[in-house]
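Have a look at work-v2.pdb; it's PDB, C-alpha atoms:
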```pdb
MODEL        1
ATOM      1  CA  MET A 661     230.354  46.968 161.590
ATOM      2  CA  ALA A 662     232.844  48.123 158.956
ATOM      3  CA  ARG A 663     233.759  44.539 158.060
ATOM      4  CA  MET A 664     230.133  43.523 157.647
ATOM      5  CA  THR A 665     229.435  46.585 155.510
ATOM      6  CA  GLY A 666     232.429  45.780 153.327
ATOM      7  CA  ARG A 667     231.359  42.153 152.893
ATOM      8  CA  ARG A 668     227.844  43.212 151.968
ATOM      9  CA  ALA A 669     229.192  45.729 149.451
ATOM     10  CA  LEU A 670     231.308  43.069 147.766
ATOM     11  CA  SER A 671     228.421  40.586 147.660
ATOM     12  CA  ALA A 672     226.182  43.265 146.146
ATOM     13  CA  VAL A 673     228.367  43.555 143.028
ATOM     14  CA  PRO A 674     227.380  40.215 141.415
ATOM     15  CA  VAL A 675     223.764  40.807 142.402
ATOM     16  CA  LEU A 676     223.669  44.158 140.624
ATOM     17  CA  LEU A 677     225.422  42.691 137.575
ATOM     18  CA  ALA A 678     222.902  39.866 137.384
ATOM     19  CA  VAL A 679     219.989  42.284 137.786
ATOM     20  CA  THR A 680     221.159  44.565 134.991
ATOM     21  CA  PHE A 681     221.707  41.649 132.634
ATOM     22  CA  ALA A 682     218.280  40.252 133.500
ATOM     23  CA  VAL A 683     216.705  43.619 132.651
ATOM     24  CA  PHE A 684     218.249  43.626 129.190
ATOM     25  CA  ALA A 685     217.325  39.953 128.678
ATOM     26  CA  VAL A 686     213.690  40.479 129.659
ATOM     27  CA  ALA A 687     213.461  43.643 127.581
ATOM     28  CA  ALA A 688     214.914  41.824 124.581
ATOM     29  CA  ALA A 689     212.275  39.098 124.923
ATOM     30  CA  SER A 690     209.470  41.624 125.343
ATOM     31  CA  PRO A 691     206.874  41.919 122.540
ATOM     32  CA  PHE A 692     207.116  45.716 122.731
ATOM     33  CA  ASP A 693     209.139  47.366 119.973
ATOM     34  CA  PRO A 694     211.334  50.204 121.307
ATOM     35  CA  VAL A 695     211.696  51.682 117.814
ATOM     36  CA  LYS A 696     207.937  52.084 117.359
ATOM     37  CA  ALA A 697     207.641  53.482 120.870
ATOM     38  CA  TYR A 698     210.368  56.023 120.101
ATOM     39  CA  ALA A 699     208.887  57.001 116.728
ATOM     40  CA  GLY A 700     205.355  57.337 118.085
ATOM     41  CA  THR A 701     202.664  58.065 115.513
ATOM     42  CA  ALA A 702     205.322  58.824 112.907
ATOM     43  CA  GLY A 703     206.313  55.177 113.003
ATOM     44  CA  LEU A 704     202.944  54.170 111.571
ATOM     45  CA  THR A 705     203.741  55.756 108.211
ATOM     46  CA  ALA A 706     207.530  55.390 108.209
ATOM     47  CA  SER A 707     209.142  53.059 105.701
ATOM     48  CA  GLN A 708     210.896  49.898 106.807
ATOM     49  CA  GLU A 709     214.199  51.413 105.705
ATOM     50  CA  ASN A 710     213.694  54.380 108.025
ATOM     51  CA  LEU A 711     212.700  52.093 110.883
ATOM     52  CA  ASP A 712     215.792  49.955 110.347
ATOM     53  CA  GLN A 713     217.975  53.062 110.330
ATOM     54  CA  LEU A 714     216.342  54.256 113.549
ATOM     55  CA  ARG A 715     216.881  50.816 115.051
ATOM     56  CA  ALA A 716     220.580  51.070 114.229
ATOM     57  CA  ASN A 717     220.807  54.602 115.644
ATOM     58  CA  LEU A 718     219.240  53.449 118.931
ATOM     59  CA  GLY A 719     221.536  50.436 119.037
ATOM     60  CA  VAL A 720     218.745  47.916 119.559
ATOM     61  CA  ASP A 721     219.824  45.888 116.509
ATOM     62  CA  ARG A 722     222.992  44.727 118.271
ATOM     63  CA  PRO A 723     223.246  41.439 120.204
ATOM     64  CA  LEU A 724     221.941  41.354 123.765
ATOM     65  CA  VAL A 725     225.315  40.829 125.426
ATOM     66  CA  THR A 726     226.866  43.659 123.421
ATOM     67  CA  ARG A 727     224.142  46.113 124.431
ATOM     68  CA  TRP A 728     224.443  45.113 128.070
ATOM     69  CA  TRP A 729     228.239  45.320 128.143
ATOM     70  CA  ASP A 730     228.316  48.709 126.399
ATOM     71  CA  TRP A 731     225.774  50.092 128.854
ATOM     72  CA  LEU A 732     227.626  48.634 131.843
ATOM     73  CA  THR A 733     231.050  49.983 130.893
ATOM     74  CA  ALA A 734     229.577  53.416 130.195
ATOM     75  CA  ALA A 735     227.663  53.364 133.497
ATOM     76  CA  LEU A 736     230.865  52.662 135.417
ATOM     77  CA  HIS A 737     232.185  55.942 133.990
ATOM     78  CA  GLY A 738     229.057  57.830 135.048
ATOM     79  CA  ASP A 739     227.296  57.730 131.677
ATOM     80  CA  LEU A 740     223.919  56.007 131.971
ATOM     81  CA  GLY A 741     223.033  56.738 128.373
ATOM     82  CA  ASP A 742     220.066  58.571 126.907
ATOM     83  CA  SER A 743     216.448  57.694 127.520
ATOM     84  CA  SER A 744     214.744  56.893 124.235
ATOM     85  CA  VAL A 745     211.266  57.608 125.585
ATOM     86  CA  MET A 746     212.171  60.763 127.556
ATOM     87  CA  ARG A 747     214.711  61.814 124.920
ATOM     88  CA  ARG A 748     216.995  63.124 127.626
ATOM     89  CA  PRO A 749     220.052  61.809 129.480
ATOM     90  CA  VAL A 750     219.066  59.159 132.006
ATOM     91  CA  VAL A 751     221.039  60.943 134.715
ATOM     92  CA  ASP A 752     218.908  64.073 134.250
ATOM     93  CA  VAL A 753     215.654  62.087 134.353
ATOM     94  CA  ILE A 754     216.620  60.361 137.587
ATOM     95  CA  THR A 755     218.116  63.450 139.214
ATOM     96  CA  GLU A 756     215.022  65.584 138.790
ATOM     97  CA  ARG A 757     212.665  62.864 140.051
ATOM     98  CA  ILE A 758     214.455  60.855 142.715
ATOM     99  CA  GLY A 759     214.326  63.639 145.283
ATOM    100  CA  TRP A 760     210.530  63.728 145.226
ATOM    101  CA  SER A 761     210.342  59.943 145.467
ATOM    102  CA  ALA A 762     212.773  59.953 148.385
ATOM    103  CA  LEU A 763     210.724  62.634 150.158
ATOM    104  CA  LEU A 764     207.527  60.622 149.769
ATOM    105  CA  ALA A 765     209.087  57.293 150.784
ATOM    106  CA  THR A 766     210.928  58.737 153.802
ATOM    107  CA  THR A 767     207.865  60.563 155.098
ATOM    108  CA  ALA A 768     205.688  57.473 154.633
ATOM    109  CA  PHE A 769     208.242  55.235 156.343
ATOM    110  CA  LEU A 770     208.401  57.564 159.338
ATOM    111  CA  VAL A 771     204.598  57.585 159.561
ATOM    112  CA  ALA A 772     204.503  53.786 159.456
ATOM    113  CA  ILE A 773     207.270  53.329 162.039
ATOM    114  CA  LEU A 774     206.166  56.005 164.528
ATOM    115  CA  LEU A 775     202.438  55.337 164.353
ATOM    116  CA  GLY A 776     202.880  51.567 164.176
ATOM    117  CA  THR A 777     205.237  51.592 167.178
ATOM    118  CA  ALA A 778     202.963  53.795 169.279
ATOM    119  CA  LEU A 779     199.881  51.712 168.554
ATOM    120  CA  GLY A 780     201.842  48.485 169.009
ATOM    121  CA  VAL A 781     203.033  49.545 172.471
ATOM    122  CA  LEU A 782     199.545  50.530 173.577
ATOM    123  CA  ALA A 783     198.015  47.331 172.227
ATOM    124  CA  GLY A 784     200.789  45.072 173.543
ATOM    125  CA  ARG A 785     200.488  46.588 176.985
ATOM    126  CA  ARG A 786     196.985  45.155 177.341
ATOM    127  CA  ARG A 787     196.591  42.362 174.835
ATOM    128  CA  GLY A 788     193.002  41.330 174.413
ATOM    129  CA  GLY A 789     191.667  44.743 175.406
ATOM    130  CA  LEU A 790     189.344  46.935 173.368
ATOM    131  CA  LEU A 791     192.160  48.975 171.792
ATOM    132  CA  ASP A 792     194.105  45.827 170.954
ATOM    133  CA  ARG A 793     191.132  44.120 169.307
ATOM    134  CA  THR A 794     190.135  47.241 167.370
ATOM    135  CA  VAL A 795     193.568  48.170 166.044
ATOM    136  CA  SER A 796     194.535  44.552 165.330
ATOM    137  CA  SER A 797     191.375  44.052 163.270
ATOM    138  CA  ALA A 798     192.103  47.231 161.331
ATOM    139  CA  ALA A 799     195.723  46.127 160.785
ATOM    140  CA  TYR A 800     194.722  42.749 159.366
ATOM    141  CA  THR A 801     192.233  44.501 157.091
ATOM    142  CA  LEU A 802     194.853  46.965 155.856
ATOM    143  CA  GLU A 803     197.235  44.098 155.099
ATOM    144  CA  ALA A 804     194.855  42.955 152.375
ATOM    145  CA  ALA A 805     194.050  46.427 151.040
ATOM    146  CA  PRO A 806     196.017  47.450 147.895
ATOM    147  CA  ALA A 807     197.806  50.779 148.115
ATOM    148  CA  PHE A 808     196.128  52.127 144.982
ATOM    149  CA  TRP A 809     192.684  51.340 146.445
ATOM    150  CA  LEU A 810     193.547  53.200 149.646
ATOM    151  CA  GLY A 811     194.745  56.107 147.500
ATOM    152  CA  LEU A 812     191.531  56.288 145.490
ATOM    153  CA  LEU A 813     189.488  56.078 148.687
ATOM    154  CA  ALA A 814     191.535  58.879 150.269
ATOM    155  CA  ILE A 815     191.070  61.087 147.195
ATOM    156  CA  TRP A 816     187.312  60.507 147.205
ATOM    157  CA  PHE A 817     186.916  61.285 150.907
ATOM    158  CA  PHE A 818     189.467  63.991 151.702
ATOM    159  CA  ALA A 819     189.737  65.754 148.330
ATOM    160  CA  LEU A 820     186.356  65.332 146.659
ATOM    161  CA  ARG A 821     183.923  64.952 149.540
ATOM    162  CA  LEU A 822     185.549  67.157 152.193
ATOM    163  CA  GLY A 823     187.711  69.336 149.941
ATOM    164  CA  ALA A 824     190.285  69.457 152.730
ATOM    165  CA  LEU A 825     193.348  68.271 150.815
ATOM    166  CA  PRO A 826     194.513  68.409 147.180
ATOM    167  CA  ALA A 827     193.859  65.328 145.081
ATOM    168  CA  GLY A 828     197.278  65.085 143.492
ATOM    169  CA  GLY A 829     200.238  66.727 141.887
ATOM    170  CA  LEU A 830     203.058  68.642 143.487
ATOM    171  CA  THR A 831     201.622  72.154 143.406
ATOM    172  CA  ASP A 832     198.318  73.855 142.696
ATOM    173  CA  THR A 833     197.358  73.835 139.042
ATOM    174  CA  ALA A 834     197.092  77.620 138.987
ATOM    175  CA  SER A 835     200.668  78.041 140.179
ATOM    176  CA  ASP A 836     203.907  77.211 138.424
ATOM    177  CA  THR A 837     206.041  78.024 141.468
ATOM    178  CA  VAL A 838     207.066  75.214 143.813
ATOM    179  CA  THR A 839     206.767  76.433 147.414
ATOM    180  CA  PHE A 840     207.181  74.627 150.726
ATOM    181  CA  ASP A 841     203.554  75.149 151.723
ATOM    182  CA  GLN A 842     202.216  73.726 148.486
ATOM    183  CA  VAL A 843     204.533  70.717 148.528
ATOM    184  CA  ALA A 844     203.673  70.005 152.176
ATOM    185  CA  GLY A 845     199.957  70.209 151.461
ATOM    186  CA  HIS A 846     200.165  67.929 148.429
ATOM    187  CA  LEU A 847     202.423  65.486 150.310
ATOM    188  CA  VAL A 848     199.955  64.754 153.105
ATOM    189  CA  LEU A 849     197.609  62.362 151.307
ATOM    190  CA  PRO A 850     200.147  60.247 149.375
ATOM    191  CA  ALA A 851     202.467  60.013 152.394
ATOM    192  CA  LEU A 852     199.625  58.980 154.702
ATOM    193  CA  VAL A 853     198.304  56.419 152.229
ATOM    194  CA  LEU A 854     201.745  54.906 151.630
ATOM    195  CA  GLY A 855     202.576  54.990 155.351
ATOM    196  CA  ILE A 856     199.288  53.392 156.402
ATOM    197  CA  SER A 857     199.765  50.654 153.798
ATOM    198  CA  GLN A 858     203.056  49.747 155.546
ATOM    199  CA  LEU A 859     201.812  50.293 159.115
ATOM    200  CA  PRO A 860     200.213  46.872 159.859
ATOM    201  CA  TRP A 861     203.510  44.966 159.884
ATOM    202  CA  PHE A 862     205.234  47.414 162.238
ATOM    203  CA  PHE A 863     202.206  47.447 164.532
ATOM    204  CA  LEU A 864     201.881  43.664 164.683
ATOM    205  CA  TYR A 865     205.593  43.092 165.293
ATOM    206  CA  VAL A 866     205.806  45.704 168.070
ATOM    207  CA  ARG A 867     202.565  44.501 169.653
ATOM    208  CA  GLN A 868     203.810  40.915 169.790
ATOM    209  CA  GLY A 869     207.283  41.901 170.953
ATOM    210  CA  VAL A 870     206.110  44.229 173.721
ATOM    211  CA  GLY A 871     203.468  41.763 174.891
ATOM    212  CA  ASP A 872     206.014  38.951 175.128
ATOM    213  CA  ALA A 873     208.601  41.198 176.809
ATOM    214  CA  LEU A 874     206.139  42.184 179.543
ATOM    215  CA  GLU A 875     205.877  38.519 180.511
ATOM    216  CA  GLU A 876     209.640  37.971 180.778
ATOM    217  CA  ASP A 877     211.396  37.634 184.132
ATOM    218  CA  PRO A 878     213.561  40.809 183.831
ATOM    219  CA  VAL A 879     210.445  42.938 183.331
ATOM    220  CA  ARG A 880     208.650  41.239 186.185
ATOM    221  CA  GLY A 881     211.712  41.859 188.326
ATOM    222  CA  ALA A 882     211.678  45.549 187.404
ATOM    223  CA  ARG A 883     208.066  45.771 188.471
ATOM    224  CA  ALA A 884     208.840  43.933 191.710
ATOM    225  CA  ARG A 885     211.544  46.512 192.483
ATOM    226  CA  GLY A 886     208.859  49.170 192.410
ATOM    227  CA  LEU A 887     209.763  50.898 189.168
ATOM    228  CA  ARG A 888     207.054  52.992 187.598
ATOM    229  CA  GLU A 889     204.953  51.335 184.903
ATOM    230  CA  ARG A 890     206.076  53.914 182.346
ATOM    231  CA  THR A 891     209.740  53.158 183.084
ATOM    232  CA  VAL A 892     209.112  49.422 182.839
ATOM    233  CA  LEU A 893     207.221  49.800 179.578
ATOM    234  CA  LEU A 894     209.554  52.215 177.802
ATOM    235  CA  GLY A 895     212.874  51.277 179.368
ATOM    236  CA  HIS A 896     212.569  47.507 179.384
ATOM    237  CA  ALA A 897     209.645  46.097 177.427
ATOM    238  CA  LEU A 898     209.852  48.483 174.482
ATOM    239  CA  ARG A 899     213.578  47.976 173.943
ATOM    240  CA  SER A 900     213.217  44.211 173.963
ATOM    241  CA  GLY A 901     210.047  44.306 171.892
ATOM    242  CA  MET A 902     211.571  46.582 169.255
ATOM    243  CA  LEU A 903     214.254  44.069 168.264
ATOM    244  CA  PRO A 904     212.043  41.945 165.968
ATOM    245  CA  MET A 905     210.649  45.107 164.401
ATOM    246  CA  LEU A 906     214.115  46.252 163.333
ATOM    247  CA  THR A 907     214.311  43.381 160.860
ATOM    248  CA  LEU A 908     211.308  44.891 159.083
ATOM    249  CA  VAL A 909     213.234  48.011 158.116
ATOM    250  CA  GLY A 910     215.015  46.096 155.390
ATOM    251  CA  SER A 911     212.351  43.570 154.470
ATOM    252  CA  ARG A 912     209.713  46.246 153.894
ATOM    253  CA  VAL A 913     211.832  48.201 151.393
ATOM    254  CA  PRO A 914     210.660  46.151 148.353
ATOM    255  CA  GLU A 915     207.033  46.606 149.403
ATOM    256  CA  LEU A 916     207.675  50.293 150.007
ATOM    257  CA  ILE A 917     209.077  50.696 146.486
ATOM    258  CA  THR A 918     206.149  48.826 144.940
ATOM    259  CA  GLY A 919     203.654  50.803 146.992
ATOM    260  CA  ALA A 920     205.391  54.071 146.104
ATOM    261  CA  LEU A 921     205.039  53.311 142.397
ATOM    262  CA  LEU A 922     201.294  52.784 142.798
ATOM    263  CA  VAL A 923     200.772  55.755 145.101
ATOM    264  CA  GLU A 924     202.805  58.109 142.899
ATOM    265  CA  THR A 925     200.717  57.062 139.904
ATOM    266  CA  VAL A 926     197.399  57.558 141.710
ATOM    267  CA  PHE A 927     198.365  60.965 143.101
ATOM    268  CA  SER A 928     200.328  62.134 140.022
ATOM    269  CA  TRP A 929     203.378  62.621 142.215
ATOM    270  CA  PRO A 930     206.385  63.634 140.068
ATOM    271  CA  GLY A 931     208.687  60.870 141.239
ATOM    272  CA  ILE A 932     210.281  57.985 139.398
ATOM    273  CA  ALA A 933     207.027  56.001 139.102
ATOM    274  CA  ALA A 934     205.951  57.555 135.814
ATOM    275  CA  ALA A 935     209.453  57.169 134.414
ATOM    276  CA  THR A 936     209.530  53.503 135.481
ATOM    277  CA  VAL A 937     206.191  52.739 133.843
ATOM    278  CA  GLN A 938     207.152  54.513 130.625
ATOM    279  CA  ALA A 939     210.547  52.814 130.544
ATOM    280  CA  ALA A 940     208.961  49.382 130.971
ATOM    281  CA  THR A 941     206.207  49.802 128.379
ATOM    282  CA  SER A 942     208.538  51.451 125.851
ATOM    283  CA  VAL A 943     211.426  49.000 126.434
ATOM    284  CA  ASP A 944     213.734  51.905 127.189
ATOM    285  CA  PHE A 945     216.879  49.854 127.919
ATOM    286  CA  PRO A 946     219.121  52.515 129.535
ATOM    287  CA  LEU A 947     216.420  54.061 131.730
ATOM    288  CA  LEU A 948     214.905  50.723 132.708
ATOM    289  CA  ALA A 949     218.294  49.294 133.678
ATOM    290  CA  ALA A 950     219.239  52.365 135.740
ATOM    291  CA  LEU A 951     215.930  52.434 137.619
ATOM    292  CA  THR A 952     216.095  48.699 138.308
ATOM    293  CA  VAL A 953     219.635  48.990 139.650
ATOM    294  CA  LEU A 954     218.496  51.892 141.814
ATOM    295  CA  ALA A 955     215.634  49.844 143.266
ATOM    296  CA  THR A 956     217.891  46.828 143.845
ATOM    297  CA  ALA A 957     220.486  48.991 145.584
ATOM    298  CA  ALA A 958     217.749  50.414 147.829
ATOM    299  CA  VAL A 959     216.691  46.898 148.837
ATOM    300  CA  LEU A 960     220.276  45.856 149.596
ATOM    301  CA  LEU A 961     220.878  49.017 151.627
ATOM    302  CA  GLY A 962     217.645  48.437 153.521
ATOM    303  CA  ASN A 963     218.710  44.911 154.469
ATOM    304  CA  LEU A 964     222.111  46.202 155.576
ATOM    305  CA  LEU A 965     220.490  48.955 157.633
ATOM    306  CA  SER A 966     218.200  46.510 159.431
ATOM    307  CA  ASP A 967     221.153  44.270 160.320
ATOM    308  CA  LEU A 968     223.190  47.228 161.574
ATOM    309  CA  LEU A 969     220.315  48.507 163.689
ATOM    310  CA  TYR A 970     219.727  45.050 165.132
ATOM    311  CA  GLY A 971     223.401  44.688 165.989
ATOM    312  CA  LEU A 972     223.483  48.092 167.670
ATOM    313  CA  ALA A 973     220.298  47.433 169.641
ATOM    314  CA  ASP A 974     221.347  43.957 170.780
ATOM    315  CA  PRO A 975     225.130  43.634 171.403
ATOM    316  CA  ARG A 976     224.712  39.851 171.770
ATOM    317  CA  VAL A 977     224.082  39.582 168.043
ATOM    318  CA  GLY A 978     227.147  41.505 166.912
ATOM    319  CA  PHE A 979     228.059  42.180 163.289
ATOM    320  CA  ASP A 980     229.176  38.774 162.062
ATOM    321  CA  GLY A 981     226.469  38.474 159.389
TER     322      GLY A 981
ENDMDL
END
```
As structure tokens, the full file:
Amino acid sequence: MARMTGRRALSAVPVLLAVTFAVFAVAAASPFDPVKAYAGTAGLTASQENLDQLRANLGVDRPLVTRWWDWLTAALHGDLGDSSVMRRPVVDVITERIGWSALLATTAFLVAILLGTALGVLAGRRRGGLLDRTVSSAAYTLEAAPAFWLGLLAIWFFALRLGALPAGGLTDTASDTVTFDQVAGHLVLPALVLGISQLPWFFLYVRQGVGDALEEDPVRGARARGLRERTVLLGHALRSGMLPMLTLVGSRVPELITGALLVETVFSWPGIAAATVQAATSVDFPLLAALTVLATAAVLLGNLLSDLLYGLADPRVGFDG
């Protein structure tokens, strides 16, 4: 396990380097002008001399490779630079937002895994039954439903029509104090929407795995020995059927990040989504590069986690990957 983790860490270095350089290259080719975005309305009346001076102060007049190398060497020393659009250190912008994004993503992932596994076991136990047909149809429908559409639908039904849950934000508008109760209440809708958007894949994988495992000879032998159906289902079929699902833990991370950006925007959740959108539209090189590296690292860690879980669950596989 340690050797595989070390190999993956070494292979991640060139990937992260290539990603950061690609961010600066794409931003340099973008039609958006970071100087005008930084100046705002004042840039409309500013003289060309002032704009050129501002361009030099921001460092965007230097060659692409120079900007990238300066940012990279500073980042290796813990300095991610200053965000031109937020006008604050990038570290501060990420630090104050990443916790809320992590809370939303973790809660949604748990909802998707737990609910998808439970429904998958029940459906796989009796494939072709009423529950299987109903939940499978809903899963295939949810696969095609965009996360932002589910979010808008949830706001309309639960917040506007029923008035049961808040429509967005982190706390009530009348309160400036962040409390556990308020955060928990405002977390319900975005976490459910994001979790349900990821649920179909976990459900379908578990359903197929459990259904196939119930037809294998070891499970039939367990039944023939007189073991209870619950023991056969949970002790034998579920363990075997969960193996394919473990590979989803890593492969769903990119979709989870994309869905989180949409859901955070719809529900005005104070995570990194707003910062990512602003960094992209304003060509904020330091912030955009840091957020992209963060997302890439999350994907790489997710893939590593899925491989580790698979190796732990099935000793035959081992950790040679």
Would you write out, as an mmCIF file with C-alpha atoms, keeping the file's coordinate frame, every residue that the PyMOL selection byres ((chain A and resi 949-954) around 8) captures in this file?
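Written file, expr-v4.cif:
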```cif
data_model
loop_
_atom_site.group_PDB
_atom_site.id
_atom_site.type_symbol
_atom_site.label_atom_id
_atom_site.label_comp_id
_atom_site.auth_asym_id
_atom_site.auth_seq_id
_atom_site.Cartn_x
_atom_site.Cartn_y
_atom_site.Cartn_z
ATOM 1 C CA LEU A 676 223.669 44.158 140.624
ATOM 2 C CA VAL A 679 219.989 42.284 137.786
ATOM 3 C CA THR A 680 221.159 44.565 134.991
ATOM 4 C CA VAL A 683 216.705 43.619 132.651
ATOM 5 C CA PHE A 684 218.249 43.626 129.190
ATOM 6 C CA LEU A 740 223.919 56.007 131.971
ATOM 7 C CA VAL A 750 219.066 59.159 132.006
ATOM 8 C CA ILE A 754 216.620 60.361 137.587
ATOM 9 C CA THR A 936 209.530 53.503 135.481
ATOM 10 C CA PHE A 945 216.879 49.854 127.919
ATOM 11 C CA PRO A 946 219.121 52.515 129.535
ATOM 12 C CA LEU A 947 216.420 54.061 131.730
ATOM 13 C CA LEU A 948 214.905 50.723 132.708
ATOM 14 C CA ALA A 955 215.634 49.844 143.266
ATOM 15 C CA THR A 956 217.891 46.828 143.845
ATOM 16 C CA ALA A 957 220.486 48.991 145.584
ATOM 17 C CA ALA A 958 217.749 50.414 147.829
#
```
Restricting the calculation to only C-alpha atoms: of A:Ser911, A:Ser942, A:Ser671, A:Thr918, which residue gets closest to Phe808 (chain A)?
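Counting only C-alpha atoms, the residue closest to Phe808 (chain A) is A:Thr918.
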Taking the file as shown, what set of residues would the PyMOL selection byres ((chain A and resi 919-930) around 8) give back, as a ChimeraX atom specification?
/A:757,760-761,764-765,807-808,811-812,827-830,850,853-854,857,915-918,931-934
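Nearest-residue note for Gln938 (chain A): choosing from A:Tyr865, A:Val745, A:Asp712, A:Ala672, the minimum distance belongs to A:Val745, counting all atoms listed in the file.
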Can you give me, as number ranges by chain, the residues this file yields under the PyMOL selection byres ((chain A and resi 769) around 9)?
A: 764-768, 770-774, 851, 854-855, 858-859, 909, 916
